[in-house]
file model.cif (mmCIF, C-alpha atoms)
data_my_file
loop_
_atom_site.label_atom_id
_atom_site.label_comp_id
_atom_site.auth_asym_id
_atom_site.auth_seq_id
_atom_site.Cartn_x
_atom_site.Cartn_y
_atom_site.Cartn_z
CA MET A 54 0.00 0.00 0.00
CA MET A 55 1.38 3.43 -0.97
CA GLN A 56 1.49 6.07 1.70
CA THR A 57 0.73 9.64 0.83
CA GLY A 58 1.98 12.69 2.59
CA SER A 59 4.82 10.91 4.36
CA SER A 60 8.48 11.49 3.80
CA VAL A 61 10.83 8.63 3.05
CA THR A 62 14.19 8.67 4.76
CA GLY A 63 17.42 8.11 2.84
CA ASP A 64 18.00 4.62 4.20
CA GLN A 65 14.65 3.36 2.81
CA HIS A 66 15.74 3.93 -0.82
CA PRO A 67 17.80 1.41 -2.72
CA PRO A 68 21.41 2.55 -3.15
CA LEU A 69 22.29 4.46 -6.30
CA PRO A 70 24.47 2.56 -8.77
CA MET A 71 27.22 5.20 -8.71
CA PRO A 72 27.81 8.73 -7.47
CA LEU A 73 26.95 11.58 -9.82
CA GLU A 74 30.60 12.65 -10.05
CA GLU A 75 31.49 9.25 -11.57
CA GLN A 76 28.81 9.27 -14.27
CA LEU A 77 29.88 9.91 -17.85
CA CYS A 78 26.76 11.91 -18.68
CA PHE A 79 27.46 14.33 -15.84
CA ALA A 80 31.14 14.69 -16.76
CA LEU A 81 30.14 15.45 -20.38
CA TYR A 82 27.54 17.95 -19.23
CA VAL A 83 29.95 19.81 -16.96
CA ALA A 84 32.76 19.79 -19.53
CA SER A 85 30.43 20.99 -22.28
CA ARG A 86 29.11 23.87 -20.18
CA ALA A 87 32.64 24.88 -19.20
CA SER A 88 34.07 24.80 -22.72
CA VAL A 89 31.09 26.50 -24.38
CA GLY A 90 31.12 29.10 -21.60
CA ARG A 91 34.79 29.79 -22.30
CA TYR A 92 34.05 30.25 -26.01
CA ARG A 93 30.95 32.34 -25.25
CA ARG A 94 32.96 35.03 -23.49
CA VAL A 95 35.37 35.44 -26.39
CA LEU A 96 32.72 35.15 -29.10
CA ALA A 97 30.53 37.81 -27.49
CA GLU A 98 33.25 40.32 -28.37
CA LEU A 99 32.84 39.29 -32.02
CA GLY A 100 29.05 39.49 -31.91
CA LEU A 101 28.55 35.71 -32.21
CA THR A 102 26.87 33.06 -30.14
CA TYR A 103 28.54 29.67 -29.91
CA PRO A 104 26.07 28.00 -32.34
CA GLN A 105 26.60 30.88 -34.79
CA TYR A 106 30.37 30.36 -34.48
CA LEU A 107 29.88 26.70 -35.43
CA VAL A 108 27.97 27.71 -38.57
CA MET A 109 30.68 30.21 -39.48
CA HIS A 110 33.40 27.64 -38.84
CA VAL A 111 31.83 25.21 -41.32
CA LEU A 112 31.64 27.99 -43.92
CA TRP A 113 35.26 28.99 -43.28
CA GLU A 114 36.38 25.38 -43.70
CA ARG A 115 34.26 24.38 -46.68
CA GLY A 116 33.19 27.57 -48.41
CA PRO A 117 29.61 27.85 -49.64
CA VAL A 118 27.41 24.92 -48.60
CA SER A 119 23.74 24.08 -48.83
CA MET A 120 21.52 24.31 -45.78
CA GLY A 121 21.26 20.51 -45.90
CA GLU A 122 25.04 20.08 -45.88
CA LEU A 123 25.30 22.56 -43.02
CA ALA A 124 22.65 20.64 -41.05
CA VAL A 125 24.54 17.37 -41.52
CA ALA A 126 27.90 18.92 -40.61
CA LEU A 127 26.53 20.42 -37.39
CA ARG A 128 24.07 17.59 -36.64
CA LEU A 129 21.23 20.10 -36.36
CA ASP A 130 17.68 19.97 -37.65
CA SER A 131 16.41 22.68 -39.99
CA GLY A 132 14.18 24.14 -37.27
CA THR A 133 17.28 24.93 -35.23
CA LEU A 134 19.60 25.82 -38.11
CA SER A 135 17.34 28.17 -40.09
CA PRO A 136 17.03 30.82 -37.34
CA LEU A 137 20.80 30.67 -36.73
CA VAL A 138 21.55 31.34 -40.40
CA LYS A 139 18.85 34.00 -40.56
CA ARG A 140 20.42 35.88 -37.62
CA LEU A 141 23.88 35.58 -39.19
CA ALA A 142 22.46 36.99 -42.43
CA SER A 143 20.80 39.89 -40.61
CA SER A 144 24.18 40.61 -38.95
CA GLY A 145 25.77 40.71 -42.39
CA PHE A 146 28.10 37.72 -41.87
CA VAL A 147 26.46 35.32 -44.35
CA ASP A 148 24.18 35.43 -47.31
CA ARG A 149 21.75 32.85 -48.67
CA GLN A 150 20.89 32.19 -52.26
CA ARG A 151 18.74 29.65 -54.06
CA ASN A 152 20.69 27.33 -56.33
CA PRO A 153 19.78 28.22 -59.95
CA GLN A 154 19.92 24.51 -60.98
CA ASP A 155 17.75 23.38 -58.04
CA GLU A 156 15.44 26.01 -56.54
CA ARG A 157 14.79 23.80 -53.50
CA ARG A 158 18.45 24.04 -52.51
CA VAL A 159 19.55 27.11 -50.52
CA GLU A 160 23.27 27.87 -50.53
CA VAL A 161 24.89 29.69 -47.61
CA PHE A 162 28.13 31.60 -48.00
CA CYS A 163 30.27 34.12 -46.12
CA THR A 164 30.04 37.77 -46.95
CA GLU A 165 33.06 40.06 -46.79
CA ALA A 166 32.15 40.80 -43.16
CA GLY A 167 32.05 37.03 -42.50
CA ASP A 168 35.52 36.67 -43.98
CA ASP A 169 36.74 39.54 -41.80
CA LEU A 170 35.25 37.76 -38.81
CA ARG A 171 37.35 34.70 -39.67
CA ARG A 172 40.52 36.72 -39.26
CA ALA A 173 39.29 38.06 -35.91
CA ALA A 174 38.38 34.55 -34.68
CA GLN A 175 41.57 32.88 -35.94
CA GLY A 176 43.22 32.34 -32.56
CA ILE A 177 40.19 31.27 -30.50
CA PHE A 178 40.69 27.53 -30.91
CA VAL A 179 44.46 27.64 -30.49
CA ASP A 180 44.16 29.72 -27.33
CA PHE A 181 41.57 27.31 -25.91
CA ARG A 182 43.64 24.22 -26.73
CA ASP A 183 46.75 25.82 -25.23
CA GLU A 184 44.86 26.73 -22.04
CA LEU A 185 43.90 23.08 -21.57
CA ASP A 186 47.59 22.15 -21.44
CA PHE A 187 47.09 18.50 -22.39
CA SER A 188 50.25 16.49 -22.93
CA GLY A 189 51.17 14.65 -26.11
CA GLY A 190 48.15 13.33 -27.95
CA GLU A 191 45.70 13.72 -25.06
CA PHE A 192 43.71 16.44 -26.80
CA GLU A 193 43.38 14.51 -30.06
CA ALA A 194 42.51 11.30 -28.17
CA LEU A 195 39.79 13.08 -26.21
CA VAL A 196 38.26 14.57 -29.36
CA HIS A 197 38.40 11.17 -31.08
CA SER A 198 36.74 9.46 -28.09
CA LEU A 199 33.97 12.04 -27.93
CA HIS A 200 33.23 11.67 -31.64
CA ALA A 201 33.17 7.88 -31.24
CA LEU A 202 30.72 8.23 -28.35
CA ALA A 203 28.49 10.54 -30.42
CA GLU A 204 28.52 8.07 -33.32
CA ARG A 205 27.38 5.24 -31.05
CA TYR A 206 24.42 7.22 -29.80
CA GLY A 207 23.73 9.45 -32.76
#
call {"tool": "encode", "arguments": {"input": "model.cif", "output": "structure tokens"}}
result
Amino acid sequence: MMQTGSSVTGDQHPPLPMPLEEQLCFALYVASRASVGRYRRVLAELGLTYPQYLVMHVLWERGPVSMGELAVALRLDSGTLSPLVKRLASSGFVDRQRNPQDERRVEVFCTEAGDDLRRAAQGIFVDFRDELDFSGGEFEALVHSLHALAERYG
């Protein structure tokens, strides 16, 4: 019979399988918040949010891409990506254009201001990696492991 209105003491619950501090999901959550927070402070000076920076980074790496290619690269759905690109366009960093051969396909590309932003953002990643002060291949191994984890669940 279930009691209502009574409080259950800690020793009446089954033990938890492991402490929060030892759980992978919590470690990923904390690390993600810390690293994105670090980027956020620097990117604010450039007028970008972290998700906008990711869009710009794909464009800087690959040049013009379709919205579909951008969605795949960032693992975002169109409902999330479209407003990001729209805000970047209203800020003057990107432009969008329908592909003349396929009107359904929208191409996204950097404007001159977007290219200037690339120069301003050039050292962000290097500074962040250097701050972490990992030895040898620790940084690359961590990135590889995180991508492998995402592939298993994604």
call {"tool": "residues_around", "arguments": {"input": "model.cif", "residues": "A:Val161", "least_positions_apart": "4", "cutoff": "12 Å", "atoms": "all atoms listed in the file", "output": "PyMOL selection string"}}
result
chain A and resi 108-109+111-113+115-124+134-135+137-139+141-142+146-152+167
call {"tool": "write_last_selection", "arguments": {"input": "model.cif", "atoms": "C-alpha atoms", "output": "PDB file, in the frame of the given file"}}
result
ATOM      1  CA  VAL A 108      27.970  27.710 -38.570  1.00  0.00           C
ATOM      2  CA  MET A 109      30.680  30.210 -39.480  1.00  0.00           C
ATOM      3  CA  VAL A 111      31.830  25.210 -41.320  1.00  0.00           C
ATOM      4  CA  LEU A 112      31.640  27.990 -43.920  1.00  0.00           C
ATOM      5  CA  TRP A 113      35.260  28.990 -43.280  1.00  0.00           C
ATOM      6  CA  ARG A 115      34.260  24.380 -46.680  1.00  0.00           C
ATOM      7  CA  GLY A 116      33.190  27.570 -48.410  1.00  0.00           C
ATOM      8  CA  PRO A 117      29.610  27.850 -49.640  1.00  0.00           C
ATOM      9  CA  VAL A 118      27.410  24.920 -48.600  1.00  0.00           C
ATOM     10  CA  SER A 119      23.740  24.080 -48.830  1.00  0.00           C
ATOM     11  CA  MET A 120      21.520  24.310 -45.780  1.00  0.00           C
ATOM     12  CA  GLY A 121      21.260  20.510 -45.900  1.00  0.00           C
ATOM     13  CA  GLU A 122      25.040  20.080 -45.880  1.00  0.00           C
ATOM     14  CA  LEU A 123      25.300  22.560 -43.020  1.00  0.00           C
ATOM     15  CA  ALA A 124      22.650  20.640 -41.050  1.00  0.00           C
ATOM     16  CA  LEU A 134      19.600  25.820 -38.110  1.00  0.00           C
ATOM     17  CA  SER A 135      17.340  28.170 -40.090  1.00  0.00           C
ATOM     18  CA  LEU A 137      20.800  30.670 -36.730  1.00  0.00           C
ATOM     19  CA  VAL A 138      21.550  31.340 -40.400  1.00  0.00           C
ATOM     20  CA  LYS A 139      18.850  34.000 -40.560  1.00  0.00           C
ATOM     21  CA  LEU A 141      23.880  35.580 -39.190  1.00  0.00           C
ATOM     22  CA  ALA A 142      22.460  36.990 -42.430  1.00  0.00           C
ATOM     23  CA  PHE A 146      28.100  37.720 -41.870  1.00  0.00           C
ATOM     24  CA  VAL A 147      26.460  35.320 -44.350  1.00  0.00           C
ATOM     25  CA  ASP A 148      24.180  35.430 -47.310  1.00  0.00           C
ATOM     26  CA  ARG A 149      21.750  32.850 -48.670  1.00  0.00           C
ATOM     27  CA  GLN A 150      20.890  32.190 -52.260  1.00  0.00           C
ATOM     28  CA  ARG A 151      18.740  29.650 -54.060  1.00  0.00           C
ATOM     29  CA  ASN A 152      20.690  27.330 -56.330  1.00  0.00           C
ATOM     30  CA  GLY A 167      32.050  37.030 -42.500  1.00  0.00           C
TER      31      GLY A 167
END
call {"tool": "atom_distance", "arguments": {"input": "model.cif", "atom1": "atom CA of A:Arg93", "atom2": "atom CA of A:Tyr106"}}
result
9.5 Å
call {"tool": "atom_distance", "arguments": {"input": "model.cif", "atom1": "atom CA of A:Ala126", "atom2": "atom CA of A:Glu184"}}
result
26.3 Å
call {"tool": "atom_distance", "arguments": {"input": "model.cif", "atom1": "atom CA of A:Tyr82", "atom2": "atom CA of A:Gln65"}}
result
29.4 Å
call {"tool": "closest_residue", "arguments": {"input": "model.cif", "among": "A:Leu77, A:Asp130, A:Ala174, A:Ser188", "to": "A:Ala97", "atoms": "all atoms listed in the file"}}
result
A:Ala174
call {"tool": "closest_residue", "arguments": {"input": "model.cif", "among": "A:Arg91, A:Arg86, A:His200, A:Arg171", "to": "A:Arg128", "atoms": "only C-alpha atoms"}}
result
A:His200
call {"tool": "closest_residue", "arguments": {"input": "model.cif", "among": "A:Val83, A:Leu69, A:Leu127, A:Ala166", "to": "A:Leu107", "atoms": "all atoms listed in the file"}}
result
A:Leu127
call {"tool": "closest_residue", "arguments": {"input": "model.cif", "among": "A:Gly207, A:Phe192, A:Pro153, A:Ser85", "to": "A:Val179", "atoms": "all atoms listed in the file"}}
result
A:Phe192
call {"tool": "closest_residue", "arguments": {"input": "model.cif", "among": "A:Met71, A:Ser131, A:Ser198, A:Pro136", "to": "A:Gln105", "atoms": "only C-alpha atoms"}}
result
A:Pro136
call {"tool": "axis_aligned_box", "arguments": {"input": "model.cif", "around": "stretch 189-204 of chain A", "padding_each_side": "4 Å", "output": "JSON"}}
result
{"center_x": 39.8, "center_y": 12.2, "center_z": -29.2, "size_x": 30.7, "size_y": 16.6, "size_z": 16.3}
call {"tool": "build_atoms", "arguments": {"input": "model.cif", "residues": "stretch 144-174 of chain A", "atoms": "N, CA and C atoms", "output": "PDB file, in the frame of the given file"}}
result
ATOM      1  N   SER A 144      22.970  39.951 -39.478  1.00  0.00           N
ATOM      2  CA  SER A 144      24.180  40.610 -38.950  1.00  0.00           C
ATOM      3  C   SER A 144      25.177  40.929 -40.059  1.00  0.00           C
ATOM      4  N   GLY A 145      24.894  40.421 -41.252  1.00  0.00           N
ATOM      5  CA  GLY A 145      25.770  40.710 -42.390  1.00  0.00           C
ATOM      6  C   GLY A 145      26.947  39.765 -42.554  1.00  0.00           C
ATOM      7  N   PHE A 146      26.968  38.656 -41.801  1.00  0.00           N
ATOM      8  CA  PHE A 146      28.100  37.720 -41.870  1.00  0.00           C
ATOM      9  C   PHE A 146      27.948  36.659 -42.951  1.00  0.00           C
ATOM     10  N   VAL A 147      26.705  36.325 -43.300  1.00  0.00           N
ATOM     11  CA  VAL A 147      26.460  35.320 -44.350  1.00  0.00           C
ATOM     12  C   VAL A 147      25.369  35.835 -45.269  1.00  0.00           C
ATOM     13  N   ASP A 148      25.278  35.172 -46.397  1.00  0.00           N
ATOM     14  CA  ASP A 148      24.180  35.430 -47.310  1.00  0.00           C
ATOM     15  C   ASP A 148      23.642  34.082 -47.762  1.00  0.00           C
ATOM     16  N   ARG A 149      22.393  34.071 -48.187  1.00  0.00           N
ATOM     17  CA  ARG A 149      21.750  32.850 -48.670  1.00  0.00           C
ATOM     18  C   ARG A 149      21.262  33.105 -50.085  1.00  0.00           C
ATOM     19  N   GLN A 150      21.328  32.055 -50.881  1.00  0.00           N
ATOM     20  CA  GLN A 150      20.890  32.190 -52.260  1.00  0.00           C
ATOM     21  C   GLN A 150      20.360  30.852 -52.749  1.00  0.00           C
ATOM     22  N   ARG A 151      19.274  30.886 -53.468  1.00  0.00           N
ATOM     23  CA  ARG A 151      18.740  29.650 -54.060  1.00  0.00           C
ATOM     24  C   ARG A 151      19.661  29.203 -55.183  1.00  0.00           C
ATOM     25  N   ASN A 152      19.870  27.909 -55.262  1.00  0.00           N
ATOM     26  CA  ASN A 152      20.690  27.330 -56.330  1.00  0.00           C
ATOM     27  C   ASN A 152      19.920  27.436 -57.642  1.00  0.00           C
ATOM     28  N   PRO A 153      20.506  28.052 -58.676  1.00  0.00           N
ATOM     29  CA  PRO A 153      19.780  28.220 -59.950  1.00  0.00           C
ATOM     30  C   PRO A 153      19.416  26.887 -60.608  1.00  0.00           C
ATOM     31  N   GLN A 154      20.208  25.830 -60.385  1.00  0.00           N
ATOM     32  CA  GLN A 154      19.920  24.510 -60.980  1.00  0.00           C
ATOM     33  C   GLN A 154      18.869  23.738 -60.178  1.00  0.00           C
ATOM     34  N   ASP A 155      18.717  24.064 -58.891  1.00  0.00           N
ATOM     35  CA  ASP A 155      17.750  23.380 -58.040  1.00  0.00           C
ATOM     36  C   ASP A 155      17.202  24.382 -57.037  1.00  0.00           C
ATOM     37  N   GLU A 156      16.045  24.953 -57.352  1.00  0.00           N
ATOM     38  CA  GLU A 156      15.440  26.010 -56.540  1.00  0.00           C
ATOM     39  C   GLU A 156      15.152  25.590 -55.103  1.00  0.00           C
ATOM     40  N   ARG A 157      15.050  24.263 -54.863  1.00  0.00           N
ATOM     41  CA  ARG A 157      14.790  23.800 -53.500  1.00  0.00           C
ATOM     42  C   ARG A 157      16.026  23.916 -52.617  1.00  0.00           C
ATOM     43  N   ARG A 158      17.175  24.029 -53.228  1.00  0.00           N
ATOM     44  CA  ARG A 158      18.450  24.040 -52.510  1.00  0.00           C
ATOM     45  C   ARG A 158      18.887  25.478 -52.215  1.00  0.00           C
ATOM     46  N   VAL A 159      19.093  25.782 -50.929  1.00  0.00           N
ATOM     47  CA  VAL A 159      19.550  27.110 -50.520  1.00  0.00           C
ATOM     48  C   VAL A 159      21.021  27.019 -50.149  1.00  0.00           C
ATOM     49  N   GLU A 160      21.835  27.828 -50.802  1.00  0.00           N
ATOM     50  CA  GLU A 160      23.270  27.870 -50.530  1.00  0.00           C
ATOM     51  C   GLU A 160      23.555  28.982 -49.527  1.00  0.00           C
ATOM     52  N   VAL A 161      24.479  28.712 -48.620  1.00  0.00           N
ATOM     53  CA  VAL A 161      24.890  29.690 -47.610  1.00  0.00           C
ATOM     54  C   VAL A 161      26.363  29.973 -47.833  1.00  0.00           C
ATOM     55  N   PHE A 162      26.730  31.242 -47.795  1.00  0.00           N
ATOM     56  CA  PHE A 162      28.130  31.600 -48.000  1.00  0.00           C
ATOM     57  C   PHE A 162      28.486  32.825 -47.163  1.00  0.00           C
ATOM     58  N   CYS A 163      29.777  32.978 -46.893  1.00  0.00           N
ATOM     59  CA  CYS A 163      30.270  34.120 -46.120  1.00  0.00           C
ATOM     60  C   CYS A 163      30.241  35.381 -46.962  1.00  0.00           C
ATOM     61  N   THR A 164      29.906  36.456 -46.322  1.00  0.00           N
ATOM     62  CA  THR A 164      30.040  37.770 -46.950  1.00  0.00           C
ATOM     63  C   THR A 164      31.456  38.274 -46.643  1.00  0.00           C
ATOM     64  N   GLU A 165      31.765  39.465 -47.106  1.00  0.00           N
ATOM     65  CA  GLU A 165      33.060  40.060 -46.790  1.00  0.00           C
ATOM     66  C   GLU A 165      33.205  40.240 -45.274  1.00  0.00           C
ATOM     67  N   ALA A 166      32.118  40.651 -44.621  1.00  0.00           N
ATOM     68  CA  ALA A 166      32.150  40.800 -43.160  1.00  0.00           C
ATOM     69  C   ALA A 166      32.382  39.456 -42.481  1.00  0.00           C
ATOM     70  N   GLY A 167      31.826  38.377 -43.037  1.00  0.00           N
ATOM     71  CA  GLY A 167      32.050  37.030 -42.500  1.00  0.00           C
ATOM     72  C   GLY A 167      33.486  36.602 -42.654  1.00  0.00           C
ATOM     73  N   ASP A 168      34.093  36.963 -43.784  1.00  0.00           N
ATOM     74  CA  ASP A 168      35.520  36.670 -43.980  1.00  0.00           C
ATOM     75  C   ASP A 168      36.382  37.475 -43.019  1.00  0.00           C
ATOM     76  N   ASP A 169      36.013  38.724 -42.779  1.00  0.00           N
ATOM     77  CA  ASP A 169      36.740  39.540 -41.800  1.00  0.00           C
ATOM     78  C   ASP A 169      36.638  38.937 -40.403  1.00  0.00           C
ATOM     79  N   LEU A 170      35.474  38.406 -40.096  1.00  0.00           N
ATOM     80  CA  LEU A 170      35.250  37.760 -38.810  1.00  0.00           C
ATOM     81  C   LEU A 170      36.181  36.555 -38.642  1.00  0.00           C
ATOM     82  N   ARG A 171      36.430  35.860 -39.719  1.00  0.00           N
ATOM     83  CA  ARG A 171      37.350  34.700 -39.670  1.00  0.00           C
ATOM     84  C   ARG A 171      38.718  35.133 -39.171  1.00  0.00           C
ATOM     85  N   ARG A 172      39.208  36.230 -39.692  1.00  0.00           N
ATOM     86  CA  ARG A 172      40.520  36.720 -39.260  1.00  0.00           C
ATOM     87  C   ARG A 172      40.503  37.081 -37.775  1.00  0.00           C
ATOM     88  N   ALA A 173      39.403  37.679 -37.320  1.00  0.00           N
ATOM     89  CA  ALA A 173      39.290  38.060 -35.910  1.00  0.00           C
ATOM     90  C   ALA A 173      39.189  36.841 -34.996  1.00  0.00           C
ATOM     91  N   ALA A 174      38.591  35.754 -35.492  1.00  0.00           N
ATOM     92  CA  ALA A 174      38.380  34.550 -34.680  1.00  0.00           C
ATOM     93  C   ALA A 174      39.518  33.544 -34.798  1.00  0.00           C
TER      94      ALA A 174
END
